[in-house]
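So the structure is just underneath, and the comments pick up after that.
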Amino acid sequence: MKKTLLVQSLALTAVLVSGAVLATPANMVIDNNTMLVTNAYVHDVASPSPLAPKTAESLPWAAVTALCHGTKVPMIKGSDSCAFDVYASYSSDPKQIHVGTVTFYVSNGEVVNVKQLALQYGLKIVSTAPGQFELDNV
């Protein structure tokens, strides 16, 4: 009896842990809470459309995966990371201010690192949840 409960408990724990590790966000959500135009670059390639001031965008996670590695989600492993550089602009120059670099796991959206580069401009990047980012004023 005790052995059966132990096996069931271990099996349930394994399912819960593997489910948490393999869960990918449905979308990457980006909120631009500033008065600047912003855009992200992956491998020096700009995202398809800059984000206007005070707007939000939701990108399907499959598109994020394709931008990062050119692979489909089931093929990604937990250690596969992706980095994107965030730029903001007051003018038509899309790379006027390098706000920072965000590194995250493609498999689950968890942030590995946010390197803040524009605090002197009063800008910061915040991750509010896996796969969710905000560009905020300091």
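Letters for chains follow the order of the structure tokens (A, B, ...), residue numbers begin at 1 for each chain, and ligand numbers begin at 1 in the order shown.
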
Within 6 Å of stretch 120-125 of chain A, counting only C-alpha atoms, which residues qualify if same-chain residues fewer than 2 places away don't, as a list in words? Ala118, Glu134, Leu135, Asp136, Asn137 and Val138 of chain A

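Taking only C-alpha atoms, the non-local environment of stretch 89-102 of chain A within 6 Å (same-chain residues fewer than 4 positions away omitted) comprises Leu36, Val37, Ala83, Phe84, Asp85, Asn113, Val114, Lys115, Gln116, Leu117 and Ala118 of chain A.
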
What separates atom CA of A:Pro53 and atom CA of A:Asn108 is a distance of 27.7 Å

Judged by only C-alpha atoms, the minimum distance to A:Pro60 among A:Gly131, A:Tyr105, A:Val86, A:Ser81 is found for A:Gly131

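Shortest separation to A:Leu67 among A:Ser107, A:Asn39, A:Ser47, A:Thr24 occurs at residue A:Ser47, atoms counted being only C-alpha atoms.
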
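If you measure from each of A:Leu59, A:Ala88, A:Ala23, A:Val111 to A:Ala40 using only C-alpha atoms, the closest one turns out to be A:Ala88.
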
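Atom to atom, atom CA of A:Thr55 and atom CA of A:Asn33 stand 7.0 Å apart.
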
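Nearest residue to A:Ala56 among A:Val126, A:Cys68, A:Val106, A:Met28 is A:Met28, counting only C-alpha atoms.
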
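Residue nearest A:Glu57 within the list A:Glu110, A:Thr103, A:Val29, A:Leu119: A:Val29 [criterion: smallest interatomic distance, only C-alpha atoms].
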
Here atom CA of A:Tyr87 and atom CA of A:Phe133 stand apart by 13.6 Å
